[in-house]
Amino acid sequence: MTRHAIVAGGGIGGLTAAAALHRNGWTVTLYERAASLDPVGSALAIGPNGLRALDTLGAGDAVRDLAAFQGSGGLRRAGGAWLSRTSAEAAAARYGDPVLVLKRSTLVGILADRLPPGTVHLGVTVTSVAPDGTVTTPAGTEHADLVVAADGIASPTRAALFPGHPGTRYSGLTAWRFLTTAGPAGTGPSETWGRGLVFGVMPMAGGVIYCYATAPAPENTRENTRENTREAGTEHAALRRLFGTWHDPIPALLSAAAGGPVLRNDIAFMDHPLPAYHRGRVALLGDAAHPMTPNLGQGACQALEDAVVLAHEVTAGGGLPAYTAARRPRTTEVMQRSHRIGRLTALNGHATVAARDAALWLSGRLGPTALLRQADSLYRWRPPLPDAPHAGRAS
């Protein structure tokens, strides 16, 4: 008998879970409260581990074809000096793939195309989920063999399943993201660390450049996770004030983006991991299970991993307890490691920043793979084989 899964949430994790379950023979219903799948956010990074997860859906090559292959880049000081350098070629040689950057809408479209017609139901809010698999929407209640809660960082399902858990907290950092098509020719990838400040530059396919920045700020935009064009001039002015004197091409990119939309949201994360990623017939996935800071660029990749491991475990593995056992240790380590890096970027004392930069510079002198080696535990992950009793692993 065909099993039925309900997925709450039409983001990257929810769409991937739906596609993976469908590929494994499940009937899937996905509810998304928004009126369309037009995504929140501007761009995202997909590392070799995320590409391997997408390969299990037959979607990896579509991403490779539509994403930009990053060239030489690395970590810089605000004045422009390089702290460490690496390249996409070195990453591809070490892991089989580099880190690719693409528009979030591109990945959403690729994933949605792998679902049969009628799977996605837009404008439908899941109002409650019970551990026995009962899902309530404005249209009534229904029961599923599996419920996948991919309902985001403020997940109401997580709060209902684990009411004693403290949930997320503010990291102390706010983030901006924007796209521009008018950057200087030859702009390469880089991330620049200053005193408490970060500015990232990622070229994308089609001449688009994705920029992101973080800075310490009072907690005043945390709930603003959808497109934020409020007082766009004010946001651009804030970026110019913070980063306008940094190394090229940052000032030119800020000027090129003036007048365009800027997304801004406060960065929240989970300080204490959940005791489990499931309860009864309900599984938590992605930000609903392990919200993390963006410092490792692994938020989307970990959701992709979650989805393919979940589909494997509930189809041919050990069920939801095996899903928790496979995913909780890995995502907890990634979540905590990302937060530690975020704390390093937030240092602003002259002495502490100088010591941090000196350590990074010395590490960079160890060769072009020094920075990459620190990513081995992230990028060497492999998805579970179809007949494997145990889920995704590092090689």
# chains A, B, ... in the order shown; residues from 1 in each chain; ligands from 1
>>> residues_around(residues="segment 203-220 of chain A", least_positions_apart="3", cutoff="8 Å", atoms="only C-alpha atoms", output="ChimeraX atom specification")
/A:42-43,66-70,101-102,170,172-183,187-189,196-200,266,346
>>> residues_around(residues="segment 103-110 of chain A", least_positions_apart="4", cutoff="8 Å", atoms="only C-alpha atoms", output="count of residues only")
16
>>> select_by_dssp(residues="segment 260-377 of chain A", states="helix (DSSP H, G or I)", output="PyMOL selection string")
chain A and resi 286-288+294-296+299-316+319-345+350-364+370-373+376-377
>>> atom_distance(atom1="atom CA of Ala93 of chain A", atom2="atom CA of Ser338 of chain A")
24.4 Å
>>> atom_distance(atom1="atom CA of Leu310 of chain A", atom2="atom CA of Pro163 of chain A")
23.1 Å
>>> closest_residue(among="A:Thr119, A:Thr16, A:Thr331, A:Ser255", to="Leu378 of chain A", atoms="only C-alpha atoms")
A:Thr331
>>> atom_distance(atom1="atom CA of Val353 of chain A", atom2="atom CA of Phe269 of chain A")
23.5 Å
>>> residues_around(residues="Pro294 of chain A", least_positions_apart="2", cutoff="10 Å", atoms="only C-alpha atoms", output="PDB file with all heavy atoms, in the first residue's frame")
ATOM      1  N   ALA A 175      21.910  40.850   9.360  1.00  0.00           N
ATOM      2  CA  ALA A 175      22.477  40.521   8.056  1.00  0.00           C
ATOM      3  C   ALA A 175      21.739  41.244   6.942  1.00  0.00           C
ATOM      4  O   ALA A 175      20.520  41.436   7.012  1.00  0.00           O
ATOM      5  CB  ALA A 175      22.419  39.016   7.822  1.00  0.00           C
ATOM      6  N   THR A 214      27.254  41.334   7.498  1.00  0.00           N
ATOM      7  CA  THR A 214      26.738  41.218   8.858  1.00  0.00           C
ATOM      8  C   THR A 214      27.386  42.262   9.734  1.00  0.00           C
ATOM      9  O   THR A 214      28.528  42.697   9.489  1.00  0.00           O
ATOM     10  CB  THR A 214      26.994  39.819   9.465  1.00  0.00           C
ATOM     11  OG1 THR A 214      28.408  39.588   9.564  1.00  0.00           O
ATOM     12  CG2 THR A 214      26.353  38.735   8.626  1.00  0.00           C
ATOM     13  N   ILE A 267      19.953  37.568  12.826  1.00  0.00           N
ATOM     14  CA  ILE A 267      20.380  36.174  12.762  1.00  0.00           C
ATOM     15  C   ILE A 267      20.091  35.490  14.094  1.00  0.00           C
ATOM     16  O   ILE A 267      20.643  35.872  15.135  1.00  0.00           O
ATOM     17  CB  ILE A 267      21.878  36.080  12.442  1.00  0.00           C
ATOM     18  CG1 ILE A 267      22.165  36.723  11.077  1.00  0.00           C
ATOM     19  CG2 ILE A 267      22.338  34.629  12.462  1.00  0.00           C
ATOM     20  CD1 ILE A 267      23.642  36.854  10.772  1.00  0.00           C
ATOM     21  N   ALA A 268      19.227  34.501  14.037  1.00  0.00           N
ATOM     22  CA  ALA A 268      18.918  33.699  15.220  1.00  0.00           C
ATOM     23  C   ALA A 268      19.518  32.303  15.046  1.00  0.00           C
ATOM     24  O   ALA A 268      19.769  31.852  13.927  1.00  0.00           O
ATOM     25  CB  ALA A 268      17.413  33.614  15.423  1.00  0.00           C
ATOM     26  N   PHE A 269      19.736  31.628  16.136  1.00  0.00           N
ATOM     27  CA  PHE A 269      20.270  30.274  16.087  1.00  0.00           C
ATOM     28  C   PHE A 269      19.788  29.515  17.314  1.00  0.00           C
ATOM     29  O   PHE A 269      19.173  30.089  18.228  1.00  0.00           O
ATOM     30  CB  PHE A 269      21.801  30.291  16.030  1.00  0.00           C
ATOM     31  CG  PHE A 269      22.440  30.632  17.354  1.00  0.00           C
ATOM     32  CD1 PHE A 269      23.071  29.662  18.112  1.00  0.00           C
ATOM     33  CD2 PHE A 269      22.410  31.939  17.848  1.00  0.00           C
ATOM     34  CE1 PHE A 269      23.659  29.975  19.334  1.00  0.00           C
ATOM     35  CE2 PHE A 269      22.988  32.259  19.061  1.00  0.00           C
ATOM     36  CZ  PHE A 269      23.612  31.272  19.805  1.00  0.00           C
ATOM     37  N   PRO A 291      18.225  25.404  13.498  1.00  0.00           N
ATOM     38  CA  PRO A 291      18.555  26.732  12.949  1.00  0.00           C
ATOM     39  C   PRO A 291      19.976  27.128  13.308  1.00  0.00           C
ATOM     40  O   PRO A 291      20.401  26.981  14.453  1.00  0.00           O
ATOM     41  CB  PRO A 291      17.532  27.655  13.608  1.00  0.00           C
ATOM     42  CG  PRO A 291      17.050  26.919  14.821  1.00  0.00           C
ATOM     43  CD  PRO A 291      17.145  25.473  14.494  1.00  0.00           C
ATOM     44  N   MET A 292      20.699  27.632  12.308  1.00  0.00           N
ATOM     45  CA  MET A 292      22.112  27.955  12.527  1.00  0.00           C
ATOM     46  C   MET A 292      22.446  29.290  11.897  1.00  0.00           C
ATOM     47  O   MET A 292      21.741  29.779  11.007  1.00  0.00           O
ATOM     48  CB  MET A 292      22.997  26.848  11.935  1.00  0.00           C
ATOM     49  CG  MET A 292      22.846  26.630  10.445  1.00  0.00           C
ATOM     50  SD  MET A 292      23.812  25.188   9.835  1.00  0.00           S
ATOM     51  CE  MET A 292      22.949  23.819  10.618  1.00  0.00           C
ATOM     52  N   LEU A 296      28.938  29.214   7.976  1.00  0.00           N
ATOM     53  CA  LEU A 296      29.519  28.116   7.211  1.00  0.00           C
ATOM     54  C   LEU A 296      28.846  27.943   5.852  1.00  0.00           C
ATOM     55  O   LEU A 296      29.262  27.090   5.065  1.00  0.00           O
ATOM     56  CB  LEU A 296      29.423  26.801   7.993  1.00  0.00           C
ATOM     57  CG  LEU A 296      30.384  26.618   9.159  1.00  0.00           C
ATOM     58  CD1 LEU A 296      30.060  25.333   9.915  1.00  0.00           C
ATOM     59  CD2 LEU A 296      31.832  26.585   8.677  1.00  0.00           C
ATOM     60  N   GLY A 297      27.803  28.705   5.589  1.00  0.00           N
ATOM     61  CA  GLY A 297      27.082  28.550   4.343  1.00  0.00           C
ATOM     62  C   GLY A 297      26.445  27.183   4.198  1.00  0.00           C
ATOM     63  O   GLY A 297      26.331  26.651   3.090  1.00  0.00           O
ATOM     64  N   GLN A 298      25.989  26.617   5.330  1.00  0.00           N
ATOM     65  CA  GLN A 298      25.512  25.235   5.324  1.00  0.00           C
ATOM     66  C   GLN A 298      24.022  25.090   5.621  1.00  0.00           C
ATOM     67  O   GLN A 298      23.523  23.956   5.697  1.00  0.00           O
ATOM     68  CB  GLN A 298      26.306  24.406   6.335  1.00  0.00           C
ATOM     69  CG  GLN A 298      27.645  23.935   5.817  1.00  0.00           C
ATOM     70  CD  GLN A 298      27.499  22.844   4.765  1.00  0.00           C
ATOM     71  OE1 GLN A 298      26.867  21.819   4.999  1.00  0.00           O
ATOM     72  NE2 GLN A 298      28.088  23.060   3.597  1.00  0.00           N
ATOM     73  N   GLY A 299      23.298  26.177   5.771  1.00  0.00           N
ATOM     74  CA  GLY A 299      21.883  26.051   6.103  1.00  0.00           C
ATOM     75  C   GLY A 299      21.115  25.254   5.071  1.00  0.00           C
ATOM     76  O   GLY A 299      20.409  24.277   5.406  1.00  0.00           O
ATOM     77  N   ALA A 300      21.238  25.616   3.798  1.00  0.00           N
ATOM     78  CA  ALA A 300      20.532  24.895   2.748  1.00  0.00           C
ATOM     79  C   ALA A 300      21.085  23.486   2.589  1.00  0.00           C
ATOM     80  O   ALA A 300      20.318  22.521   2.407  1.00  0.00           O
ATOM     81  CB  ALA A 300      20.643  25.652   1.426  1.00  0.00           C
ATOM     82  N   MET A 335      25.934  23.290  13.525  1.00  0.00           N
ATOM     83  CA  MET A 335      25.279  24.432  14.143  1.00  0.00           C
ATOM     84  C   MET A 335      26.218  25.129  15.134  1.00  0.00           C
ATOM     85  O   MET A 335      26.355  26.364  15.128  1.00  0.00           O
ATOM     86  CB  MET A 335      24.002  23.944  14.842  1.00  0.00           C
ATOM     87  CG  MET A 335      23.090  25.008  15.419  1.00  0.00           C
ATOM     88  SD  MET A 335      21.482  24.290  15.897  1.00  0.00           S
ATOM     89  CE  MET A 335      21.986  23.071  17.142  1.00  0.00           C
ATOM     90  N   SER A 338      29.324  26.726  13.318  1.00  0.00           N
ATOM     91  CA  SER A 338      28.953  27.959  12.631  1.00  0.00           C
ATOM     92  C   SER A 338      28.825  29.109  13.620  1.00  0.00           C
ATOM     93  O   SER A 338      29.272  30.234  13.350  1.00  0.00           O
ATOM     94  CB  SER A 338      27.638  27.750  11.873  1.00  0.00           C
ATOM     95  OG  SER A 338      27.340  28.857  11.068  1.00  0.00           O
ATOM     96  N   HIS A 339      28.248  28.841  14.784  1.00  0.00           N
ATOM     97  CA  HIS A 339      28.107  29.886  15.794  1.00  0.00           C
ATOM     98  C   HIS A 339      29.468  30.346  16.304  1.00  0.00           C
ATOM     99  O   HIS A 339      29.691  31.548  16.519  1.00  0.00           O
ATOM    100  CB  HIS A 339      27.250  29.380  16.948  1.00  0.00           C
ATOM    101  CG  HIS A 339      27.072  30.374  18.052  1.00  0.00           C
ATOM    102  ND1 HIS A 339      26.627  31.662  17.836  1.00  0.00           N
ATOM    103  CD2 HIS A 339      27.297  30.280  19.398  1.00  0.00           C
ATOM    104  CE1 HIS A 339      26.565  32.311  18.983  1.00  0.00           C
ATOM    105  NE2 HIS A 339      26.978  31.496  19.934  1.00  0.00           N
ATOM    106  N   ILE A 341      32.244  30.432  14.622  1.00  0.00           N
ATOM    107  CA  ILE A 341      32.825  31.308  13.603  1.00  0.00           C
ATOM    108  C   ILE A 341      32.144  32.673  13.641  1.00  0.00           C
ATOM    109  O   ILE A 341      32.797  33.716  13.503  1.00  0.00           O
ATOM    110  CB  ILE A 341      32.700  30.665  12.209  1.00  0.00           C
ATOM    111  CG1 ILE A 341      33.551  29.400  12.148  1.00  0.00           C
ATOM    112  CG2 ILE A 341      33.122  31.656  11.121  1.00  0.00           C
ATOM    113  CD1 ILE A 341      33.391  28.615  10.884  1.00  0.00           C
ATOM    114  N   GLY A 342      30.831  32.681  13.840  1.00  0.00           N
ATOM    115  CA  GLY A 342      30.126  33.953  13.965  1.00  0.00           C
ATOM    116  C   GLY A 342      30.662  34.794  15.107  1.00  0.00           C
ATOM    117  O   GLY A 342      30.781  36.022  14.982  1.00  0.00           O
TER     118      GLY A 342
END
>>> closest_residue(among="A:Val282, A:Ile250, A:Ala237, A:Leu21", to="Ser128 of chain A", atoms="only C-alpha atoms")
A:Val282
>>> residues_around(residues="Val99 of chain A", least_positions_apart="5", cutoff="7 Å", atoms="only C-alpha atoms", output="MDAnalysis selection string")
chainID A and resid 45:48 88
>>> closest_residue(among="A:Glu305, A:Asp145, A:Glu235, A:Asp61", to="Pro261 of chain A", atoms="only C-alpha atoms")
A:Glu235
>>> closest_atom_pairs(of="segment 258-300 of chain A", to="segment 315-319 of chain A", cutoff="12 Å", atoms="only C-alpha atoms", output="tab-separated table")
residue	atom	partner	partner_atom	distance
A:Tyr277	CA	A:Gly319	CA	11.8
A:His278	CA	A:Gly319	CA	10.1
A:Arg279	CA	A:Gly319	CA	11.5
A:Gly280	CA	A:Gly319	CA	10.6
A:Arg281	CA	A:Gly319	CA	9.5
A:Val282	CA	A:Gly319	CA	11.0
A:Ala283	CA	A:Gly319	CA	10.2
>>> closest_residue(among="A:Thr137, A:Thr2, A:Ser84, A:Asn49", to="Glu32 of chain A", atoms="only C-alpha atoms")
A:Thr137
>>> closest_residue(among="A:Pro184, A:Gly10, A:Pro384, A:Gly167", to="Thr125 of chain A", atoms="only C-alpha atoms")
A:Gly10
>>> closest_residue(among="A:Cys301, A:Ala18, A:Leu344, A:Leu372", to="Ala150 of chain A", atoms="only C-alpha atoms")
A:Ala18
>>> select_by_dssp(residues="segment 166-334 of chain A", states="strand (DSSP E or B)", output="NGL selection string")
:A and (168-180 or 190-193 or 198-203 or 209-216 or 263-270 or 278-279 or 282-284)
>>> residues_around(residues="Gly133 of chain A", least_positions_apart="6", cutoff="6 Å", atoms="only C-alpha atoms", output="ChimeraX atom specification")
/A:143-144,147,281
